[in-house]
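Shown here: model.txt, compact mmCIF, C-alpha atoms and all ligand atoms.
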```txt
# COMPACT_ATOMS: atom_id res chain seq x y z
CA MET Q 1 30.20 -10.00 86.89
CA PRO Q 2 30.94 -6.27 86.72
CA LYS Q 3 34.51 -5.58 85.67
CA ASN Q 4 35.55 -2.01 86.36
CA LEU Q 5 38.63 -3.23 88.27
CA GLY Q 6 40.76 -0.29 89.28
CA ARG Q 7 38.20 2.32 88.25
CA THR Q 8 39.40 4.28 91.31
CA PRO Q 9 42.63 3.76 93.31
CA PRO Q 10 42.35 0.39 95.11
CA MET Q 11 42.03 0.53 98.92
CA GLY Q 12 42.86 -2.16 101.44
CA TRP Q 13 45.33 -3.66 103.88
CA ASN Q 14 48.57 -5.52 103.16
CA SER Q 15 50.46 -7.74 105.58
CA TRP Q 16 53.99 -6.76 104.57
CA ASN Q 17 54.92 -3.49 106.32
CA THR Q 18 54.23 -4.75 109.82
CA PHE Q 19 54.42 -8.53 109.66
CA THR Q 20 56.66 -9.38 106.66
CA TRP Q 21 57.39 -13.16 106.86
CA ASN Q 22 55.45 -13.64 110.10
CA ILE Q 23 51.97 -14.20 108.67
CA ASN Q 24 49.31 -16.83 109.28
CA GLU Q 25 45.67 -17.64 108.80
CA GLU Q 26 44.56 -16.32 112.19
CA LEU Q 27 46.22 -12.95 111.65
CA VAL Q 28 44.67 -12.52 108.22
CA MET Q 29 41.21 -13.49 109.49
CA GLN Q 30 41.55 -11.04 112.36
CA ALA Q 31 42.58 -8.33 109.92
CA ALA Q 32 39.42 -9.04 107.92
CA ASP Q 33 37.31 -8.91 111.10
CA GLU Q 34 38.89 -5.62 112.10
CA MET Q 35 38.50 -4.13 108.66
CA VAL Q 36 34.76 -4.42 109.14
CA ALA Q 37 34.48 -3.76 112.90
CA SER Q 38 36.66 -0.63 112.87
CA GLY Q 39 34.65 1.05 110.13
CA LEU Q 40 37.49 0.90 107.56
CA LYS Q 41 35.29 -1.11 105.20
CA ASP Q 42 32.60 1.57 105.33
CA CYS Q 43 35.25 4.10 104.26
CA GLY Q 44 35.99 2.07 101.11
CA TYR Q 45 38.86 -0.23 102.15
CA GLU Q 46 38.11 -3.63 100.63
CA TYR Q 47 41.22 -5.71 99.82
CA ILE Q 48 42.91 -7.93 102.41
CA VAL Q 49 46.26 -8.75 100.82
CA ILE Q 50 48.79 -11.38 101.86
CA ASP Q 51 52.28 -10.39 100.70
CA ASP Q 52 55.42 -12.52 100.39
CA CYS Q 53 56.25 -15.68 102.43
CA TRP Q 54 52.91 -17.48 102.23
CA SER Q 55 53.89 -20.61 100.27
CA LYS Q 56 55.95 -23.73 100.67
CA LYS Q 57 59.47 -23.58 99.27
CA GLU Q 58 58.60 -26.14 96.58
CA ARG Q 59 55.79 -26.48 94.07
CA ASP Q 60 53.73 -29.71 94.12
CA GLU Q 61 54.10 -32.57 91.65
CA ASN Q 62 51.79 -30.77 89.20
CA GLY Q 63 53.91 -27.64 89.27
CA ARG Q 64 51.41 -25.71 91.39
CA LEU Q 65 52.11 -23.34 94.22
CA VAL Q 66 51.20 -24.70 97.65
CA ALA Q 67 50.26 -22.67 100.71
CA ASP Q 68 52.51 -23.27 103.73
CA PRO Q 69 50.42 -25.71 105.84
CA GLU Q 70 51.88 -24.42 109.09
CA LYS Q 71 50.93 -20.81 108.39
CA PHE Q 72 47.70 -21.52 106.49
CA PRO Q 73 46.44 -24.90 107.73
CA HIS Q 74 43.09 -24.73 105.92
CA GLY Q 75 44.55 -23.49 102.62
CA MET Q 76 43.87 -20.37 100.62
CA LYS Q 77 40.36 -21.18 99.38
CA TYR Q 78 39.19 -21.35 102.99
CA LEU Q 79 40.72 -17.95 103.70
CA ALA Q 80 39.24 -16.48 100.53
CA ASP Q 81 35.79 -17.76 101.51
CA TYR Q 82 36.13 -16.22 104.96
CA ILE Q 83 37.24 -12.86 103.57
CA HIS Q 84 34.42 -12.90 101.02
CA SER Q 85 31.91 -13.72 103.75
CA LYS Q 86 32.83 -10.39 105.32
CA GLY Q 87 32.06 -8.57 102.07
CA LEU Q 88 35.78 -8.02 101.43
CA LYS Q 89 38.17 -9.07 98.66
CA PHE Q 90 41.22 -11.27 98.84
CA GLY Q 91 44.68 -10.37 97.54
CA MET Q 92 47.80 -12.47 97.12
CA TYR Q 93 51.38 -12.03 96.00
CA SER Q 94 53.78 -13.51 93.48
CA CYS Q 95 56.73 -12.34 91.44
CA SER Q 96 57.73 -12.11 87.79
CA GLY Q 97 61.13 -13.72 88.42
CA THR Q 98 62.11 -17.26 89.36
CA HIS Q 99 61.69 -16.48 93.07
CA THR Q 100 59.90 -13.92 95.20
CA CYS Q 101 61.97 -11.25 96.93
CA ALA Q 102 62.08 -13.45 100.04
CA ALA Q 103 63.18 -16.43 97.88
CA TYR Q 104 59.95 -18.42 97.69
CA PRO Q 105 58.89 -19.96 94.35
CA ALA Q 106 57.60 -17.36 91.88
CA SER Q 107 55.71 -17.28 88.61
CA PHE Q 108 58.38 -17.03 85.88
CA GLU Q 109 57.39 -19.60 83.23
CA HIS Q 110 54.46 -20.59 85.46
CA GLU Q 111 52.33 -17.53 84.75
CA PHE Q 112 49.31 -19.33 83.34
CA VAL Q 113 49.17 -22.19 85.83
CA ASP Q 114 49.56 -19.74 88.71
CA ALA Q 115 46.85 -17.40 87.42
CA ASN Q 116 44.52 -20.42 87.23
CA THR Q 117 45.46 -21.51 90.74
CA PHE Q 118 44.76 -18.03 92.10
CA ALA Q 119 41.41 -18.00 90.30
CA GLU Q 120 40.48 -21.40 91.78
CA TRP Q 121 41.34 -20.17 95.25
CA GLY Q 122 39.05 -17.14 94.84
CA VAL Q 123 41.77 -14.50 94.68
CA ASP Q 124 40.68 -10.99 93.63
CA PHE Q 125 44.01 -9.13 93.53
CA LEU Q 126 47.57 -10.11 92.66
CA LYS Q 127 50.64 -8.09 93.64
CA TYR Q 128 53.41 -9.04 91.23
CA ASP Q 129 57.01 -8.26 92.19
CA TYR Q 130 60.30 -7.89 90.30
CA CYS Q 131 62.97 -9.92 92.13
CA PHE Q 132 65.07 -12.72 90.56
CA LYS Q 133 64.17 -11.66 87.05
CA PRO Q 134 66.21 -13.68 84.56
CA LYS Q 135 68.74 -11.55 82.72
CA GLY Q 136 68.00 -10.68 79.10
CA ILE Q 137 64.21 -10.72 79.35
CA PRO Q 138 62.49 -7.34 79.37
CA GLY Q 139 60.33 -6.82 82.45
CA GLU Q 140 57.72 -5.41 80.16
CA LEU Q 141 57.24 -8.85 78.61
CA LEU Q 142 56.96 -10.58 81.98
CA TYR Q 143 54.19 -8.22 83.07
CA LYS Q 144 52.47 -8.70 79.71
CA ARG Q 145 52.53 -12.47 80.31
CA MET Q 146 50.90 -12.32 83.71
CA GLY Q 147 48.53 -9.64 82.46
CA MET Q 148 47.34 -11.99 79.72
CA ALA Q 149 47.09 -14.95 82.10
CA LEU Q 150 45.04 -12.99 84.64
CA ARG Q 151 42.72 -11.52 82.06
CA ASN Q 152 41.86 -15.01 80.86
CA CYS Q 153 41.76 -17.03 84.06
CA GLY Q 154 37.99 -16.90 84.45
CA ARG Q 155 37.97 -14.59 87.44
CA ASP Q 156 38.31 -10.82 87.85
CA ILE Q 157 41.71 -10.40 89.44
CA LEU Q 158 43.14 -6.93 89.85
CA PHE Q 159 46.75 -6.84 88.64
CA SER Q 160 49.05 -4.87 90.96
CA ALA Q 161 52.46 -4.57 89.28
CA CYS Q 162 55.47 -3.91 91.48
CA ASN Q 163 58.65 -3.17 89.54
CA TRP Q 164 59.63 -0.17 91.68
CA GLY Q 165 59.47 2.34 88.82
CA GLN Q 166 62.31 0.63 86.96
CA ASP Q 167 62.83 0.26 83.21
CA ASP Q 168 60.71 3.27 82.34
CA VAL Q 169 57.58 1.50 83.59
CA TYR Q 170 55.48 4.60 82.90
CA SER Q 171 55.87 4.13 79.15
CA TRP Q 172 54.57 0.53 78.95
CA ILE Q 173 52.66 -0.43 82.07
CA LYS Q 174 49.21 0.37 80.70
CA GLU Q 175 49.88 -2.07 77.84
CA THR Q 176 50.19 -4.96 80.32
CA GLY Q 177 46.68 -4.59 81.70
CA ALA Q 178 47.91 -3.74 85.22
CA GLN Q 179 45.50 -1.62 87.24
CA MET Q 180 48.23 -0.20 89.48
CA PHE Q 181 52.00 -0.07 89.39
CA ARG Q 182 54.63 0.57 92.03
CA SER Q 183 56.71 3.53 90.95
CA THR Q 184 59.18 3.60 93.82
CA GLY Q 185 61.44 1.50 96.00
CA ASP Q 186 60.16 0.24 99.35
CA ILE Q 187 58.76 2.67 101.89
CA GLN Q 188 60.18 2.97 105.40
CA ASP Q 189 58.39 4.19 108.50
CA SER Q 190 60.21 7.53 108.50
CA TRP Q 191 59.50 11.11 107.48
CA ASN Q 192 62.45 11.15 105.06
CA SER Q 193 61.16 8.12 103.24
CA ILE Q 194 57.67 9.61 102.90
CA VAL Q 195 59.04 12.89 101.53
CA ASN Q 196 61.46 11.23 99.12
CA LEU Q 197 58.85 8.85 97.69
CA ALA Q 198 56.24 11.57 97.22
CA LYS Q 199 58.64 14.06 95.65
CA SER Q 200 60.02 11.40 93.29
CA GLN Q 201 56.55 11.22 91.70
CA PHE Q 202 55.89 14.94 91.39
CA GLY Q 203 55.40 15.75 87.72
CA ARG Q 204 54.49 12.11 86.93
CA GLN Q 205 50.79 12.43 87.64
CA SER Q 206 49.65 12.73 84.06
CA GLN Q 207 51.14 9.26 83.41
CA GLN Q 208 48.52 7.55 85.56
CA GLY Q 209 44.76 7.61 85.77
CA VAL Q 210 41.64 5.49 85.77
CA TYR Q 211 42.39 1.76 85.47
CA CYS Q 212 46.15 2.24 85.99
CA TRP Q 213 47.26 4.02 89.16
CA ASN Q 214 50.70 5.12 90.28
CA ASP Q 215 51.32 3.21 93.53
CA ILE Q 216 53.77 5.08 95.78
CA ASP Q 217 53.85 2.02 98.10
CA MET Q 218 51.84 0.89 101.07
CA LEU Q 219 51.01 3.29 103.86
CA VAL Q 220 53.04 3.45 107.06
CA VAL Q 221 50.31 5.45 108.85
CA GLY Q 222 49.94 4.24 112.44
CA MET Q 223 52.96 1.91 112.46
CA HIS Q 224 54.94 3.99 114.96
CA GLY Q 225 58.02 1.93 114.18
CA GLY Q 226 56.19 -1.36 114.73
CA SER Q 227 57.59 -3.64 112.05
CA ASN Q 228 59.42 -6.90 112.48
CA ASN Q 229 61.63 -5.83 109.59
CA ASP Q 230 64.43 -3.44 110.55
CA PHE Q 231 64.57 -1.77 107.15
CA ILE Q 232 60.87 -0.90 107.13
CA GLY Q 233 60.81 0.00 110.84
CA ASP Q 234 63.86 2.24 110.31
CA GLY Q 235 65.05 2.21 113.90
CA GLY Q 236 61.65 1.67 115.46
CA PHE Q 237 60.83 5.33 115.99
CA GLY Q 238 58.24 5.82 113.29
CA CYS Q 239 56.63 9.16 112.58
CA THR Q 240 54.48 11.65 114.46
CA ASP Q 241 50.74 11.65 113.86
CA THR Q 242 51.15 14.97 112.03
CA GLU Q 243 53.62 13.31 109.67
CA TYR Q 244 51.24 10.38 109.13
CA LYS Q 245 48.46 12.86 108.35
CA THR Q 246 50.68 14.55 105.74
CA HIS Q 247 51.71 11.15 104.34
CA PHE Q 248 48.08 10.08 103.94
CA SER Q 249 47.16 13.44 102.38
CA LEU Q 250 49.98 13.19 99.86
CA TRP Q 251 49.07 9.65 98.81
CA ALA Q 252 45.41 10.68 98.53
CA MET Q 253 46.11 13.81 96.48
CA MET Q 254 48.49 11.89 94.21
CA ASN Q 255 45.91 9.14 93.47
CA SER Q 256 48.03 6.40 94.99
CA PRO Q 257 46.23 3.21 96.00
CA LEU Q 258 45.60 3.38 99.75
CA MET Q 259 46.93 0.11 101.14
CA ILE Q 260 47.17 0.21 104.92
CA GLY Q 261 50.36 -1.27 106.37
CA CYS Q 262 49.90 -0.98 110.14
CA ASP Q 263 48.41 -3.57 112.50
CA ILE Q 264 44.75 -2.61 112.19
CA ARG Q 265 43.89 -4.65 115.28
CA SER Q 266 45.53 -2.03 117.47
CA MET Q 267 44.97 1.35 115.84
CA THR Q 268 45.04 4.45 118.05
CA ASP Q 269 42.26 7.02 117.75
CA ALA Q 270 44.65 9.30 115.85
CA THR Q 271 45.43 6.52 113.36
CA LYS Q 272 41.72 5.86 112.83
CA GLU Q 273 41.03 9.54 112.31
CA ILE Q 274 43.68 9.69 109.60
CA LEU Q 275 42.82 6.48 107.77
CA MET Q 276 39.09 7.15 107.94
CA ASN Q 277 39.04 10.78 106.85
CA LYS Q 278 36.21 10.57 104.34
CA ASP Q 279 36.85 14.05 102.93
CA VAL Q 280 40.45 13.15 102.05
CA ILE Q 281 39.45 9.70 100.78
CA ALA Q 282 36.85 11.34 98.50
CA ILE Q 283 39.65 13.32 96.84
CA ASN Q 284 41.61 10.11 96.26
CA GLN Q 285 38.53 8.30 94.94
CA ASP Q 286 37.27 11.12 92.72
CA PRO Q 287 35.71 9.39 89.70
CA GLU Q 288 37.69 11.33 87.11
CA GLY Q 289 41.05 10.31 88.56
CA ARG Q 290 42.92 13.35 87.31
CA GLY Q 291 46.47 13.69 88.49
CA ALA Q 292 47.58 16.47 90.79
CA TYR Q 293 50.03 19.03 89.46
CA VAL Q 294 52.57 20.99 91.46
CA LEU Q 295 52.27 24.77 91.55
CA ASP Q 296 55.59 26.54 91.41
CA SER Q 297 55.77 27.81 94.95
CA SER Q 298 59.48 28.53 95.09
CA GLY Q 299 60.04 31.75 96.90
CA TRP Q 300 58.00 30.52 99.83
CA ASP Q 301 60.54 29.44 102.40
CA ASN Q 302 62.93 28.37 99.66
CA GLY Q 303 60.45 26.00 98.14
CA GLN Q 304 59.88 24.01 101.33
CA VAL Q 305 56.13 24.39 100.92
CA LYS Q 306 54.78 22.56 97.91
CA ILE Q 307 51.29 23.11 96.59
CA LEU Q 308 49.41 20.35 94.76
CA ILE Q 309 46.25 20.97 92.75
CA LYS Q 310 43.88 18.26 91.51
CA PRO Q 311 40.79 19.03 89.41
CA LEU Q 312 37.75 17.10 90.65
CA GLU Q 313 34.80 15.72 88.72
CA ASN Q 314 32.20 18.20 90.00
CA GLY Q 315 34.22 21.32 89.13
CA ASP Q 316 35.86 21.68 92.55
CA TYR Q 317 39.63 21.62 93.02
CA ALA Q 318 41.50 19.70 95.70
CA ILE Q 319 44.32 21.90 96.95
CA GLY Q 320 47.10 20.62 99.21
CA LEU Q 321 49.70 22.80 100.90
CA PHE Q 322 52.56 20.64 102.18
CA ASN Q 323 55.34 21.94 104.39
CA PHE Q 324 58.34 19.67 103.81
CA GLY Q 325 60.62 21.97 105.80
CA ASP Q 326 61.63 21.65 109.43
CA LYS Q 327 61.03 25.29 110.20
CA PHE Q 328 58.14 26.08 112.51
CA GLY Q 329 55.22 27.71 110.72
CA SER Q 330 56.00 28.37 107.08
CA ARG Q 331 53.81 30.85 105.29
CA ALA Q 332 52.34 29.53 102.06
CA SER Q 333 50.57 31.68 99.56
CA PHE Q 334 49.57 31.42 95.95
CA PRO Q 335 47.55 33.48 93.48
CA PHE Q 336 44.53 31.81 91.87
CA TRP Q 337 45.94 33.16 88.60
CA ASP Q 338 48.40 30.23 88.71
CA MET Q 339 45.49 27.78 88.67
CA GLY Q 340 43.78 29.46 85.74
CA LEU Q 341 41.59 32.04 87.46
CA PRO Q 342 42.23 35.70 86.59
CA SER Q 343 40.68 38.14 89.05
CA SER Q 344 38.95 39.88 86.16
CA ALA Q 345 36.65 36.86 85.87
CA GLY Q 346 34.86 37.90 89.05
CA TYR Q 347 35.13 34.54 90.83
CA GLY Q 348 36.79 33.37 94.01
CA PHE Q 349 37.09 30.09 95.88
CA GLU Q 350 35.07 28.92 98.85
CA MET Q 351 37.48 26.72 100.80
CA TYR Q 352 36.49 23.64 102.77
CA ASP Q 353 39.21 22.33 105.11
CA CYS Q 354 39.28 18.53 104.78
CA TRP Q 355 41.00 17.97 108.14
CA LYS Q 356 38.90 20.42 110.17
CA HIS Q 357 35.81 19.32 108.25
CA GLU Q 358 34.49 22.87 107.91
CA THR Q 359 34.30 25.71 105.42
CA ILE Q 360 36.93 28.30 106.28
CA GLY Q 361 35.79 31.16 104.04
CA THR Q 362 35.65 32.57 100.55
CA PHE Q 363 38.84 33.98 99.10
CA ALA Q 364 39.45 36.34 96.20
CA GLU Q 365 42.62 36.43 94.13
CA ARG Q 366 44.89 34.48 96.44
CA PHE Q 367 45.07 32.13 99.40
CA THR Q 368 47.55 32.50 102.24
CA ALA Q 369 48.03 30.25 105.28
CA ASP Q 370 50.64 29.25 107.82
CA VAL Q 371 51.50 25.57 107.69
CA GLU Q 372 53.47 24.01 110.51
CA ALA Q 373 56.61 21.98 109.84
CA HIS Q 374 55.80 18.55 108.33
CA ASP Q 375 52.10 19.47 108.36
CA CYS Q 376 49.67 20.11 105.54
CA LEU Q 377 46.41 21.79 104.69
CA ILE Q 378 44.01 19.98 102.36
CA MET Q 379 41.12 21.93 100.93
CA ARG Q 380 38.28 21.36 98.59
CA ALA Q 381 37.86 24.64 96.69
CA LYS Q 382 34.56 25.57 95.09
CA LEU Q 383 34.40 28.28 92.45
CA VAL Q 384 31.92 30.99 93.54
CA LYS Q 385 30.79 34.29 92.03
CA LEU Q 386 32.09 37.21 94.12
C1 LIG Q 401 59.65 -6.16 97.52
C2 LIG Q 401 58.41 -5.28 97.43
C3 LIG Q 401 57.79 -5.13 98.80
C4 LIG Q 401 57.44 -6.51 99.36
C5 LIG Q 401 58.69 -7.38 99.40
C6 LIG Q 401 58.36 -8.82 99.77
O1 LIG Q 401 60.66 -5.55 98.26
O2 LIG Q 401 58.73 -4.02 96.90
O3 LIG Q 401 56.63 -4.32 98.74
O4 LIG Q 401 56.44 -7.09 98.59
O5 LIG Q 401 59.33 -7.40 98.13
O6 LIG Q 401 59.51 -9.61 99.82
```
Here is the file; what I need is its structure written in the form of structure tokens.
Amino acid sequence: MPKNLGRTPPMGWNSWNTFTWNINEELVMQAADEMVASGLKDCGYEYIVIDDCWSKKERDENGRLVADPEKFPHGMKYLADYIHSKGLKFGMYSCSGTHTCAAYPASFEHEFVDANTFAEWGVDFLKYDYCFKPKGIPGELLYKRMGMALRNCGRDILFSACNWGQDDVYSWIKETGAQMFRSTGDIQDSWNSIVNLAKSQFGRQSQQGVYCWNDIDMLVVGMHGGSNNDFIGDGGFGCTDTEYKTHFSLWAMMNSPLMIGCDIRSMTDATKEILMNKDVIAINQDPEGRGAYVLDSSGWDNGQVKILIKPLENGDYAIGLFNFGDKFGSRASFPFWDMGLPSSAGYGFEMYDCWKHETIGTFAERFTADVEAHDCLIMRAKLVKL
């Protein structure tokens, strides 16, 4: 079986943001159906992940986790088989502490038996949380335990660590074998949350890369306040489609896994256009996985516009101009000198706009554009002789 787990940022759908505790077999099967029918699968989304609240409150007499028979009457193997029959992969959830965050049984001191159970069920992905961690045990060790168990359970299971960026996770997470790691607290369906999470990871991009991605949390694109959890729904207003576009562009540029959190059975056309933007996804999935760096753009509207640059495998550069300010139409401009291109070299950049899906021109020395409030411009820049 080919390994290569986490060679590029994982892509999929997770039940938590919209449905939290209210999950069941039918919903998950419908999500799998829709993943294929909507075209999401063709864009690279492959994992269908069940988050917290899937099990019974007690383990069985052999110390094994048991799926809640009311929510999942045919059990997890049945669901895994169904998801696999659609050409998709199946993800589940547990926690490094004694209980999950919603107080269901978790894997502390059951790491090896649980990894084997997940393997028997046909699980391909495990999100592993950080609640109810016993005091005095380093989290690092708990992730190393589950990492070891998963790597030896007889099945390729992608390890998605979720310790919210605590305990200097950046310095040890690669040692655990995790292919992705949550670096932030939980996202909310609000513009402020999106901005705060993204900015908290600026400057951290060199600490992630192929086989171990910085996960800024699941996407809220297309939720429009539709969560049955008040914290995530944040008042039920949600964001504008422009804000969702900027959110998706940020996560893509910053190499975050792209885990959809909305109800994919009822996506609007705007939501589909965002989640299925193949030009933006290609930046996220670039085989080299280099992190984006932030150009110092202070001076442009008091630093409200931030510019991210990500070198791509074929020599192109992904360039993102993000207007975090509320002011209508901020001018953003930067000299190519700041990216490493002196004008004396005789080159410029041919810019392809990844949201308009067209080449917008060739530019010498600098690029200048107006970016609306909360909007962004994502370009693929090709070096060309002038
Ligand atoms: C934590 C995680 C969330 C989600 C919930 C489930 O808060 O960060 O992503 O998994 O637990 O209870």
- Message: Residues near Trp172 of chain Q, anyone? I mean within 12 Å using only C-alpha atoms, not counting same-chain ones fewer than 4 positions away, as an MDAnalysis selection string.
- Response: chainID Q and resid 138:144 161 163 165:168 176:178 181 207:208 212
- Message: Considering only C-alpha atoms and all ligand atoms, can you say which of Q:Ala115, Q:Ile48, Q:Leu377, Q:Met218 comes closest to ligand LIG 401 (chain Q)?
- Response: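 Among the listed residues, the smallest separation from ligand LIG 401 (chain Q) belongs to Q:Met218.
For ligand LIG 401 (chain Q), the protein and nucleic acid residues at most 6 Å away, judged by all atoms listed in the file, amount to Asp51, Asp52, Cys101, Ala102 and Asp186 of chain Q.
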- Which residue out of Q:His84, Q:Lys327, Q:Lys310, Q:Arg204 has the minimum interatomic distance to Asp370 of chain Q when all atoms listed in the file are used? Q:Lys327
- Message: Could you check which residues have any atom within 7 Å of (39.2, 31.8, 100.0), counting only C-alpha atoms with coordinates taken straight from the file, and then list them as a ChimeraX atom specification?
- Response: /Q:348-351,361-364,367
Deliver the residues from the most recent selection as a file, using C-alpha atoms, as a PDB file, in the frame of the given file.
```pdb
ATOM      1  CA  GLY Q 348      36.790  33.370  94.010  1.00  0.00           C
ATOM      2  CA  PHE Q 349      37.090  30.090  95.880  1.00  0.00           C
ATOM      3  CA  GLU Q 350      35.070  28.920  98.850  1.00  0.00           C
ATOM      4  CA  MET Q 351      37.480  26.720 100.800  1.00  0.00           C
ATOM      5  CA  GLY Q 361      35.790  31.160 104.040  1.00  0.00           C
ATOM      6  CA  THR Q 362      35.650  32.570 100.550  1.00  0.00           C
ATOM      7  CA  PHE Q 363      38.840  33.980  99.100  1.00  0.00           C
ATOM      8  CA  ALA Q 364      39.450  36.340  96.200  1.00  0.00           C
ATOM      9  CA  PHE Q 367      45.070  32.130  99.400  1.00  0.00           C
TER      10      PHE Q 367
END
```
- Message: Ranking Q:Pro69, Q:Asp33, Q:Trp21, Q:Glu273 by minimum distance to Tyr104 of chain Q and counting only C-alpha atoms, which one comes first?
- Response: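 Answer, going by the shortest atom-to-atom distance: Q:Trp21.
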- Message: Between atom CA of Arg155 of chain Q and atom CA of Val123 of chain Q, what distance in Å does the model show, to one decimal?
- Response: 8.2 Å
- Message: Quick check, in Å to one decimal: how far apart do atom CA of Asn229 of chain Q and atom CA of Ser15 of chain Q lie?
- Response: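 Those two atoms sit 12.0 Å apart.
Look at segment 156-159 of chain Q: the protein and nucleic acid residues within 9 Å of it, using all atoms listed in the file and passing over chain neighbours fewer than 4 places away, are Met1, Pro2, Lys3, Leu5, Gly6, Gly91, Ala115, Phe118, Ala119, Val123, Asp124, Phe125, Leu126, Lys127, Tyr128, Met146, Gly147, Leu150, Arg151, Asn152, Gly177, Ala178, Gln179, Met180 and Phe181 of chain Q.
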- Task: Tell me which of Q:Met92, Q:Leu341, Q:Met223, Q:Val195 sits closest to Gln304 of chain Q, counting only C-alpha atoms.
- Result: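 Of Q:Met92, Q:Leu341, Q:Met223, Q:Val195, the one nearest Gln304 of chain Q, counting only C-alpha atoms, is Q:Val195.
Using only C-alpha atoms, the smallest distance between any of Q:Met276, Q:Thr242, Q:Met148, Q:Arg290 and Glu175 of chain Q comes from Q:Met148.
By chain and then residue number, the residues within 10 Å of Phe237 of chain Q are Asp189, Ser190, Met223, His224, Gly225, Gly226 and Gly233 of chain Q, counting only C-alpha atoms and disregarding those fewer than 4 positions away in sequence.
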- Message: Using only C-alpha atoms, which protein or nucleic acid residues come within 12 Å of Asn62 of chain Q? Drop anything in the same chain fewer than 6 positions from it, and give the result as a PyMOL selection string.
- Response: chain Q and resi 110+113-114+117
